[in-house]
Amino acid sequence: MPANLSPEYRKLDARLRETRDPDEKLLLLKQMLTVIPKHKGTDKMQADLKRRISRQEHAAEQKGKKSGRDLFHVPREGAGQVALVGAPNAGKSSVLAKVTRATPQIAPHPYATHLPLPGMVQFEDVQVQLIDTPPLSREYTETPLYNVFRVSDLLLLIVDLTAPDPSGQLLDCLAQLEEHHIEPSADAPRGAAGNLVTVKKPAIILANKVDCAGREAAEDLEASFGEQFPLRVVSAETGEGLEELPRLLFDELHLIRVYTKRPGRKFERGMPFVVAGGSTVMDAARVIHKDFAEKMRFTRLWGSGKHQGLSVPRDHTLEDGDILEIHTG
């Protein structure tokens with residue numbers, strides 16, 4: 001089966017062949033694994049990328065033991081990784097504390113957050129990782145922070161509505177990201193890559209502190225950026241608007257949940273398999289177990305509207321909540 005590698009993948013591969021920087025090599029390998037087409041024709045390439053990533057991480061770990069470990073690296077957990085981005089005192093830590101069980105340091109003075117801190121957001125039966133980060137500042141931001149944004153699946157841009165110029169604050173944050181070759185974009189697919197250096201990241205805006213600033217400030221921000229990015233008005237202090245955040249994150253990550261049912265057994269809801277939106281029956285089978293994809297004879301499906309226990313083809317596109325009964329042999 002042909003690999004059908006995308007232009008984005010080939011650009012990343014070209015850059016990988018040129019660079020001598022171990023940190024950049026690791027970052028490029030992870031980006032390549034993210035954007036490579038997921039099908040049988042690339043199984044060996046995916047395995048090779050994972051081995052190379054493992055070797056690079058091991059080398060970095062050994063180097064870190066001598067020179068100090070990477071304090072900005074956040075191991076992935078959950079269905080997706082979302083990074084909070086914002087200026088000093090925008091309220092990133094307060095948002096994290098409100099929607100997760102994490103306990104960041106929250107202070108009225110700026111720069112209370114020195115290192116990335118993860119927490120888990122619960123959406124129904126899945127979790128999404130949310131990472132608080134040090135603020136973006138031209139004077140104090142450390143370069144390794146931008147790697148957190150580069151490898152995350154989604155950026156959550158936090159804007160302080162009580163700032164003298166909320167739109168200007170956001171523009172400055174966007175400019176700093178772009179200066180480090182990170183391009184927030186509302187329509188960027190998960191894992192999207194741009195040219196040899198720039199990565200495109202899907203992003204949404206949380207207009208924070210509406211309880212103090214009032215709706216007028218939020219309306220001005222929405223007038224400036226509402227057509228460019230999804231925007232939600234919230235208050236980390238009162239919780240206003242944050243009850244919808246778990247669903248928003250799951251939707252913006254473009255994920256779906258797929259459940260399985262054993263042939264001849266009554267369906268018992270367990271933990272779902274989380275796959276990318278637009279995945280087919282065959283895509284899900286590969287995620288569930290590699291033997292299913294190789295030995296699958298037919299599949300029955302519950303969900304997707306009219307399909308209630310009917311046999312569906314391998315290229316049937318799945319929807320969130322579908323239940324698969326895979327027959328092998």
# chains A, B, ... in the order shown; residues from 1 in each chain; ligands from 1
$ select_by_dssp --residues "segment 9-245 of chain A" --states "strand (DSSP E or B)" --output "JSON, numbers by chain"
{"A": [78, 81, 82, 83, 84, 85, 86, 117, 118, 119, 120, 121, 122, 123, 126, 127, 128, 129, 130, 131, 132, 154, 155, 156, 157, 158, 159, 160, 182, 183, 184, 199, 200, 201, 203, 204, 205, 206, 207, 208, 231, 232, 233]}
$ closest_atom_pairs --of "segment 95-182 of chain A" --to "segment 314-328 of chain A" --cutoff "12 Å" --atoms "only C-alpha atoms" --output "JSON lines"
{"residue": "A:Glu124", "atom": "CA", "partner": "A:Gly321", "partner_atom": "CA", "distance": 11.6}
{"residue": "A:Asp125", "atom": "CA", "partner": "A:Gly321", "partner_atom": "CA", "distance": 10.9}
{"residue": "A:Val126", "atom": "CA", "partner": "A:Gly321", "partner_atom": "CA", "distance": 12.0}
$ write_last_selection --atoms "all heavy atoms" --output "tab-separated table (two decimals), in the first residue's frame"
chain	number	residue	atom	x	y	z
A	124	GLU	N	-17.29	14.15	30.31
A	124	GLU	CA	-18.05	12.90	30.34
A	124	GLU	C	-17.12	11.74	30.68
A	124	GLU	O	-16.60	11.69	31.79
A	124	GLU	CB	-18.81	12.71	29.02
A	124	GLU	CG	-19.86	13.81	28.82
A	124	GLU	CD	-20.65	13.67	27.53
A	124	GLU	OE1	-20.40	12.73	26.75
A	124	GLU	OE2	-21.55	14.50	27.30
A	125	ASP	N	-16.83	10.83	29.74
A	125	ASP	CA	-16.01	9.66	30.07
A	125	ASP	C	-14.59	9.73	29.50
A	125	ASP	O	-13.91	8.71	29.39
A	125	ASP	CB	-16.68	8.37	29.61
A	125	ASP	CG	-17.10	8.42	28.14
A	125	ASP	OD1	-16.81	9.43	27.48
A	125	ASP	OD2	-17.74	7.46	27.68
A	126	VAL	N	-14.12	10.92	29.13
A	126	VAL	CA	-12.74	11.09	28.68
A	126	VAL	C	-12.12	12.30	29.37
A	126	VAL	O	-12.83	13.14	29.93
A	126	VAL	CB	-12.65	11.28	27.14
A	126	VAL	CG1	-13.12	10.04	26.42
A	126	VAL	CG2	-13.42	12.50	26.69
$ residues_around --residues "Val82 of chain A" --least-positions-apart "2" --cutoff "7 Å" --atoms "only C-alpha atoms" --output "PyMOL selection string"
chain A and resi 80+84+129-131+152-156
$ write_last_selection --atoms "C-alpha atoms" --output "PDB file, in the first residue's frame"
ATOM      1  CA  GLY A  80      -5.409  15.601  23.811  1.00  0.00           C
ATOM      2  CA  LEU A  84      -2.899  27.855  28.021  1.00  0.00           C
ATOM      3  CA  GLN A 129      -4.831  17.543  29.457  1.00  0.00           C
ATOM      4  CA  LEU A 130      -4.720  21.279  30.136  1.00  0.00           C
ATOM      5  CA  ILE A 131      -1.324  22.906  30.753  1.00  0.00           C
ATOM      6  CA  SER A 152       0.418  20.742  21.939  1.00  0.00           C
ATOM      7  CA  ASP A 153      -2.747  19.892  20.014  1.00  0.00           C
ATOM      8  CA  LEU A 154      -4.608  23.126  20.744  1.00  0.00           C
ATOM      9  CA  LEU A 155      -3.845  26.596  22.101  1.00  0.00           C
ATOM     10  CA  LEU A 156      -6.209  28.274  24.552  1.00  0.00           C
TER      11      LEU A 156
END
$ closest_residue --among "A:Ala236, A:Ile158, A:Ala79, A:Leu174" --to "Leu255 of chain A" --atoms "only C-alpha atoms"
A:Ala79
$ closest_atom_pairs --of "segment 36-130 of chain A" --to "segment 199-209 of chain A" --cutoff "10 Å" --atoms "only C-alpha atoms" --output "tab-separated table"
residue	atom	partner	partner_atom	distance
A:Val82	CA	A:Ala203	CA	9.4
A:Ala83	CA	A:Ala203	CA	9.6
A:Leu84	CA	A:Leu206	CA	9.7
A:Val85	CA	A:Ile205	CA	9.5
A:Gly86	CA	A:Leu206	CA	9.9
A:Ala90	CA	A:Asn208	CA	7.2
A:Gly91	CA	A:Asn208	CA	7.0
A:Lys92	CA	A:Asn208	CA	9.0
A:Ser94	CA	A:Asn208	CA	9.9
A:Val95	CA	A:Asn208	CA	8.7
$ write_last_selection --atoms "C-alpha atoms" --output "PDB file, in the first residue's frame"
ATOM      1  CA  VAL A  82      -4.119  21.851  25.338  1.00  0.00           C
ATOM      2  CA  ALA A  83      -1.754  24.663  26.322  1.00  0.00           C
ATOM      3  CA  LEU A  84      -2.899  27.855  28.021  1.00  0.00           C
ATOM      4  CA  VAL A  85      -1.289  30.941  26.487  1.00  0.00           C
ATOM      5  CA  GLY A  86      -1.472  34.495  27.735  1.00  0.00           C
ATOM      6  CA  ALA A  90      -4.374  37.087  32.282  1.00  0.00           C
ATOM      7  CA  GLY A  91      -5.764  34.401  34.602  1.00  0.00           C
ATOM      8  CA  LYS A  92      -4.327  31.185  33.153  1.00  0.00           C
ATOM      9  CA  SER A  94      -7.120  30.541  37.777  1.00  0.00           C
ATOM     10  CA  VAL A  95      -8.693  28.850  34.753  1.00  0.00           C
TER      11      VAL A  95
END
$ decode --residues "segment 248-278 of chain A" --atoms "N, CA and C atoms" --output "mmCIF file, in the first residue's frame"
data_model
loop_
_atom_site.group_PDB
_atom_site.id
_atom_site.type_symbol
_atom_site.label_atom_id
_atom_site.label_comp_id
_atom_site.auth_asym_id
_atom_site.auth_seq_id
_atom_site.Cartn_x
_atom_site.Cartn_y
_atom_site.Cartn_z
ATOM 1 N N LEU A 248 -16.162 22.210 24.842
ATOM 2 C CA LEU A 248 -15.511 23.045 23.844
ATOM 3 C C LEU A 248 -14.146 22.473 23.458
ATOM 4 N N LEU A 249 -13.366 22.079 24.472
ATOM 5 C CA LEU A 249 -12.044 21.525 24.187
ATOM 6 C C LEU A 249 -12.154 20.243 23.376
ATOM 7 N N PHE A 250 -13.063 19.365 23.774
ATOM 8 C CA PHE A 250 -13.230 18.095 23.058
ATOM 9 C C PHE A 250 -13.635 18.340 21.612
ATOM 10 N N ASP A 251 -14.564 19.263 21.404
ATOM 11 C CA ASP A 251 -15.017 19.559 20.044
ATOM 12 C C ASP A 251 -13.908 20.173 19.205
ATOM 13 N N GLU A 252 -13.154 21.113 19.791
ATOM 14 C CA GLU A 252 -12.117 21.806 19.025
ATOM 15 C C GLU A 252 -10.909 20.913 18.743
ATOM 16 N N LEU A 253 -10.764 19.830 19.505
ATOM 17 C CA LEU A 253 -9.717 18.850 19.210
ATOM 18 C C LEU A 253 -10.135 17.923 18.074
ATOM 19 N N HIS A 254 -11.401 18.018 17.686
ATOM 20 C CA HIS A 254 -11.939 17.216 16.581
ATOM 21 C C HIS A 254 -11.734 15.720 16.832
ATOM 22 N N LEU A 255 -12.231 15.305 17.993
ATOM 23 C CA LEU A 255 -12.138 13.909 18.397
ATOM 24 C C LEU A 255 -13.524 13.278 18.450
ATOM 25 N N ILE A 256 -13.561 11.961 18.359
ATOM 26 C CA ILE A 256 -14.803 11.220 18.583
ATOM 27 C C ILE A 256 -14.490 10.016 19.457
ATOM 28 N N ARG A 257 -15.528 9.546 20.161
ATOM 29 C CA ARG A 257 -15.397 8.365 21.017
ATOM 30 C C ARG A 257 -16.061 7.170 20.338
ATOM 31 N N VAL A 258 -15.346 6.047 20.364
ATOM 32 C CA VAL A 258 -15.860 4.814 19.777
ATOM 33 C C VAL A 258 -15.861 3.734 20.859
ATOM 34 N N TYR A 259 -16.983 3.043 20.995
ATOM 35 C CA TYR A 259 -17.117 1.977 21.984
ATOM 36 C C TYR A 259 -17.144 0.627 21.268
ATOM 37 N N THR A 260 -16.831 -0.417 22.003
ATOM 38 C CA THR A 260 -16.820 -1.747 21.410
ATOM 39 C C THR A 260 -17.804 -2.670 22.120
ATOM 40 N N LYS A 261 -18.267 -3.648 21.375
ATOM 41 C CA LYS A 261 -19.217 -4.649 21.885
ATOM 42 C C LYS A 261 -18.754 -6.017 21.423
ATOM 43 N N ARG A 262 -18.723 -6.973 22.315
ATOM 44 C CA ARG A 262 -18.335 -8.327 21.947
ATOM 45 C C ARG A 262 -19.468 -9.007 21.192
ATOM 46 N N PRO A 263 -19.139 -9.752 20.134
ATOM 47 C CA PRO A 263 -20.188 -10.464 19.389
ATOM 48 C C PRO A 263 -20.980 -11.408 20.293
ATOM 49 N N GLY A 264 -22.294 -11.340 20.186
ATOM 50 C CA GLY A 264 -23.164 -12.212 20.957
ATOM 51 C C GLY A 264 -23.360 -11.803 22.391
ATOM 52 N N ARG A 265 -22.753 -10.690 22.802
ATOM 53 C CA ARG A 265 -22.872 -10.215 24.190
ATOM 54 C C ARG A 265 -23.681 -8.922 24.238
ATOM 55 N N LYS A 266 -24.285 -8.673 25.387
ATOM 56 C CA LYS A 266 -24.979 -7.411 25.606
ATOM 57 C C LYS A 266 -23.952 -6.301 25.762
ATOM 58 N N PHE A 267 -24.247 -5.143 25.200
ATOM 59 C CA PHE A 267 -23.309 -4.024 25.280
ATOM 60 C C PHE A 267 -23.197 -3.527 26.711
ATOM 61 N N GLU A 268 -21.971 -3.413 27.182
ATOM 62 C CA GLU A 268 -21.678 -2.836 28.489
ATOM 63 C C GLU A 268 -20.728 -1.667 28.274
ATOM 64 N N ARG A 269 -21.173 -0.491 28.627
ATOM 65 C CA ARG A 269 -20.373 0.703 28.361
ATOM 66 C C ARG A 269 -19.108 0.719 29.211
ATOM 67 N N GLY A 270 -17.981 0.755 28.538
ATOM 68 C CA GLY A 270 -16.699 0.879 29.221
ATOM 69 C C GLY A 270 -16.006 2.147 28.758
ATOM 70 N N MET A 271 -14.701 2.204 28.939
ATOM 71 C CA MET A 271 -13.953 3.371 28.489
ATOM 72 C C MET A 271 -13.894 3.370 26.964
ATOM 73 N N PRO A 272 -14.127 4.496 26.347
ATOM 74 C CA PRO A 272 -14.108 4.547 24.878
ATOM 75 C C PRO A 272 -12.696 4.593 24.321
ATOM 76 N N PHE A 273 -12.586 4.256 23.050
ATOM 77 C CA PHE A 273 -11.375 4.533 22.286
ATOM 78 C C PHE A 273 -11.582 5.901 21.633
ATOM 79 N N VAL A 274 -10.600 6.761 21.751
ATOM 80 C CA VAL A 274 -10.710 8.114 21.200
ATOM 81 C C VAL A 274 -9.902 8.186 19.913
ATOM 82 N N VAL A 275 -10.573 8.575 18.836
ATOM 83 C CA VAL A 275 -9.925 8.664 17.526
ATOM 84 C C VAL A 275 -10.232 10.028 16.917
ATOM 85 N N ALA A 276 -9.525 10.352 15.866
ATOM 86 C CA ALA A 276 -9.731 11.639 15.198
ATOM 87 C C ALA A 276 -11.080 11.658 14.490
ATOM 88 N N GLY A 277 -11.717 12.817 14.484
ATOM 89 C CA GLY A 277 -12.949 12.974 13.728
ATOM 90 C C GLY A 277 -12.713 12.663 12.266
ATOM 91 N N GLY A 278 -13.683 12.000 11.633
ATOM 92 C CA GLY A 278 -13.526 11.584 10.252
ATOM 93 C C GLY A 278 -12.927 10.199 10.095
#
